[in-house]
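What's in protein.txt: compact mmCIF, C-alpha atoms
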```
# COMPACT_ATOMS: atom_id res chain seq x y z
CA MET A 122 49.52 5.46 -61.99
CA ASP A 123 51.04 5.84 -58.55
CA TYR A 124 51.90 2.43 -57.07
CA GLN A 125 51.51 3.62 -53.46
CA ARG A 126 48.05 5.04 -54.19
CA VAL A 127 46.98 1.77 -55.74
CA GLN A 128 48.21 -0.11 -52.68
CA ASN A 129 46.36 2.27 -50.35
CA LEU A 130 43.20 1.86 -52.40
CA ARG A 131 43.49 -1.92 -52.20
CA LYS A 132 43.94 -1.68 -48.43
CA ILE A 133 40.84 0.51 -48.13
CA ALA A 134 38.85 -1.95 -50.25
CA ALA A 135 39.97 -4.87 -48.06
CA GLU A 136 38.98 -2.96 -44.91
CA GLN A 137 35.64 -2.15 -46.49
CA ILE A 138 35.00 -5.86 -47.07
CA GLU A 139 35.87 -6.66 -43.45
CA HIS A 140 33.52 -3.97 -42.18
CA ALA A 141 30.77 -5.12 -44.54
CA GLN A 142 31.08 -8.65 -43.17
CA LYS A 143 30.90 -7.34 -39.59
CA PHE A 144 27.90 -5.20 -40.59
CA CYS A 145 26.18 -8.33 -41.92
CA GLU A 146 26.89 -10.28 -38.72
CA LEU A 147 25.61 -7.49 -36.49
CA ARG A 148 22.52 -6.98 -38.63
CA GLU A 149 21.75 -10.70 -38.30
CA ARG A 150 22.32 -10.66 -34.52
CA ALA A 151 20.02 -7.67 -34.14
CA GLY A 152 17.33 -9.36 -36.22
CA ILE A 153 17.51 -12.60 -34.26
CA ALA A 154 17.38 -10.80 -30.91
CA LYS A 155 14.43 -8.66 -32.02
CA THR A 156 12.56 -11.72 -33.28
CA LYS A 157 13.10 -13.53 -29.97
CA LEU A 158 11.93 -10.45 -28.09
CA GLU A 159 8.81 -10.17 -30.25
CA LEU A 160 8.01 -13.85 -29.71
CA LEU A 161 8.24 -13.35 -25.95
CA LEU A 162 6.09 -10.24 -26.24
CA THR A 163 3.45 -12.05 -28.26
CA ALA A 164 3.17 -14.69 -25.54
CA GLN A 165 2.72 -12.01 -22.87
CA ILE A 166 0.26 -9.73 -24.70
CA PRO A 167 -2.72 -10.85 -22.55
CA ALA A 168 -0.85 -10.08 -19.31
CA ILE A 169 0.51 -6.76 -20.56
CA SER A 170 -2.75 -5.53 -22.08
CA GLY A 171 -4.56 -6.61 -18.91
CA GLU A 172 -2.29 -4.33 -16.91
CA LYS A 173 -2.43 -1.40 -19.36
CA LYS A 174 -5.01 -1.23 -22.15
CA ASN A 175 -3.49 0.90 -24.93
CA VAL A 176 0.16 0.15 -24.44
CA GLY A 177 2.67 1.14 -27.14
CA VAL A 178 5.31 -1.23 -28.41
CA GLU A 179 8.21 0.40 -26.57
CA MET A 180 6.29 0.44 -23.30
CA ALA A 181 5.30 -3.18 -23.90
CA TYR A 182 8.98 -4.09 -24.24
CA LEU A 183 9.72 -2.39 -20.93
CA MET A 184 6.82 -4.13 -19.22
CA LEU A 185 7.90 -7.45 -20.73
CA MET A 186 11.35 -7.05 -19.21
CA GLU A 187 9.72 -6.96 -15.77
CA ILE A 188 7.81 -10.18 -16.48
CA GLU A 189 10.36 -12.16 -18.49
CA PRO A 190 14.06 -11.98 -17.48
CA ALA A 191 15.28 -13.26 -20.88
CA ALA A 192 13.65 -10.23 -22.52
CA LYS A 193 16.34 -7.98 -21.03
CA GLU A 194 19.10 -9.93 -22.75
CA PHE A 195 17.28 -9.96 -26.10
CA TYR A 196 16.50 -6.25 -25.88
CA GLN A 197 20.09 -5.39 -24.99
CA GLU A 198 21.49 -7.58 -27.79
CA TRP A 199 19.09 -6.01 -30.27
CA GLN A 200 19.90 -2.43 -29.24
CA ASP A 201 23.69 -2.98 -29.01
CA SER A 202 23.91 -4.76 -32.36
CA GLU A 203 21.71 -2.17 -34.03
CA ALA A 204 23.85 0.70 -32.75
CA LYS A 205 27.04 -0.99 -33.96
CA TYR A 206 25.74 -1.86 -37.41
CA ARG A 207 24.42 1.67 -37.89
CA GLY A 208 27.88 3.01 -37.09
CA LEU A 209 29.45 0.55 -39.52
CA GLU A 210 26.96 1.63 -42.16
CA LYS A 211 28.29 5.19 -41.91
CA LEU A 212 31.86 3.91 -42.04
CA LEU A 213 31.09 1.88 -45.18
CA ASP A 214 29.61 4.98 -46.80
CA ALA A 215 32.79 6.90 -45.99
CA TYR A 216 34.95 4.16 -47.51
CA ALA A 217 32.84 4.16 -50.67
CA THR A 218 33.27 7.93 -50.93
CA ARG A 219 37.03 7.62 -50.48
CA ILE A 220 37.30 4.95 -53.15
CA SER A 221 35.21 7.03 -55.53
CA LEU A 222 37.48 10.02 -54.92
CA GLU A 223 40.59 7.96 -55.61
CA GLN A 224 39.07 6.62 -58.83
CA SER A 225 38.28 10.17 -59.93
CA ILE A 226 41.87 11.19 -59.27
CA PHE A 227 43.13 8.24 -61.34
CA ARG A 228 40.90 9.28 -64.26
CA TYR A 229 42.03 12.88 -63.89
CA VAL A 230 45.68 11.86 -64.02
CA ARG A 231 45.12 9.40 -66.90
CA GLU A 232 43.61 12.19 -68.97
CA GLY A 233 46.88 14.10 -68.83
CA GLU A 234 46.55 16.30 -65.79
CA LYS A 235 49.34 16.26 -63.25
CA TRP A 236 48.59 15.74 -59.59
CA THR A 237 50.86 17.52 -57.17
CA GLU A 238 50.73 17.43 -53.44
```
Could I get this file's structure written as structure tokens?
Amino acid sequence: MDYQRVQNLRKIAAEQIEHAQKFCELRERAGIAKTKLELLLTAQIPAISGEKKNVGVEMAYLMLMEIEPAAKEFYQEWQDSEAKYRGLEKLLDAYATRISLEQSIFRYVREGEKWTE
């Protein structure tokens, strides 16, 4: 087994853990911000539906931001955190694929095949 490959694999695994922790934090921040926004929206439903009868959720968020200044911060936090955790999700998938590839190579080499670069 190639020592350098093992070290690289360990480094990738450590980075994957760091990104997974950041993913978790961002997912939590997005959830908290969305919950706060929905609580504000719930309190303003009478005012919003009085202004526009069949308003959709996205339009209601936009209307809420005109009424309630804090809604802008919650909406921005929700959207920013969601975008970042979705990007990290793709990165975590890529790390998992890389680790799987490296494990396959180790099995291939262990079974007697020679790996040349």
Measuring atom to atom with all atoms listed in the file, identify which of A:Glu159, A:Arg219, A:Val176, A:Ile166 is nearest to Ala191 (chain A).
-> A:Glu159
Counting only C-alpha atoms, the option among A:Lys193, A:Lys157, A:Arg231, A:Lys205 closest to Cys145 (chain A) =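 Between A:Lys193, A:Lys157, A:Arg231, A:Lys205, the residue approaching Cys145 (chain A) most closely is A:Lys205.
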Minimum-distance residue to His140 (chain A), chosen among A:Lys155, A:Arg228, A:Lys211, A:Lys174 (using all atoms listed in the file) = A:Lys211
Using all atoms of region 195-207 of chain A that appear in the file, construct an axis-aligned enclosing box with 6 Å of padding on every side and provide its centre coordinates and edge lengths in Å, rounded to one decimal, as AutoDock Vina command-line options.
```
--center_x 21.8 --center_y -4.1 --center_z -31.4 --size_x 22.5 --size_y 23.6 --size_z 24.9
```
Between CA of Ile138 (chain A) and CA of Gln197 (chain A), what is the spacing in Å?
->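 One can read the CA of Gln197 (chain A) to CA of Ile138 (chain A) distance as 26.6 Å.
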Coordinates-based distance that separates CA of Ser202 (chain A) from CA of Ile169 (chain A) (Å, one decimal) |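 Here the two named atoms are 26.3 Å from each other.
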Identify which of the residues A:Ser221, A:Arg126, A:Ala154, A:Pro167 lies closest to Glu203 (chain A), counting only C-alpha atoms when measuring atom-to-atom distances.
-> A:Ala154
Residue neighbourhood Ala181 (chain A), 12 Å, only C-alpha atoms, exclusion window fewer than 6 positions, as a list in words =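 The residues satisfying every condition are Leu158, Glu159, Leu161, Leu162, Thr163, Ala164, Gln165, Ile166, Pro167, Ala168, Ile169, Ser170, Gly171, Glu172, Lys173, Lys174, Asn175, Glu187, Ile188, Glu189, Ala192 and Tyr196 of chain A.
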Which residue, A:Met186, A:Gln200, A:Ala141, A:Ala134, has the smallest gap to Ile153 (chain A) when you use only C-alpha atoms?
->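 Ranking A:Met186, A:Gln200, A:Ala141, A:Ala134 by distance to Ile153 (chain A), first place goes to A:Gln200.
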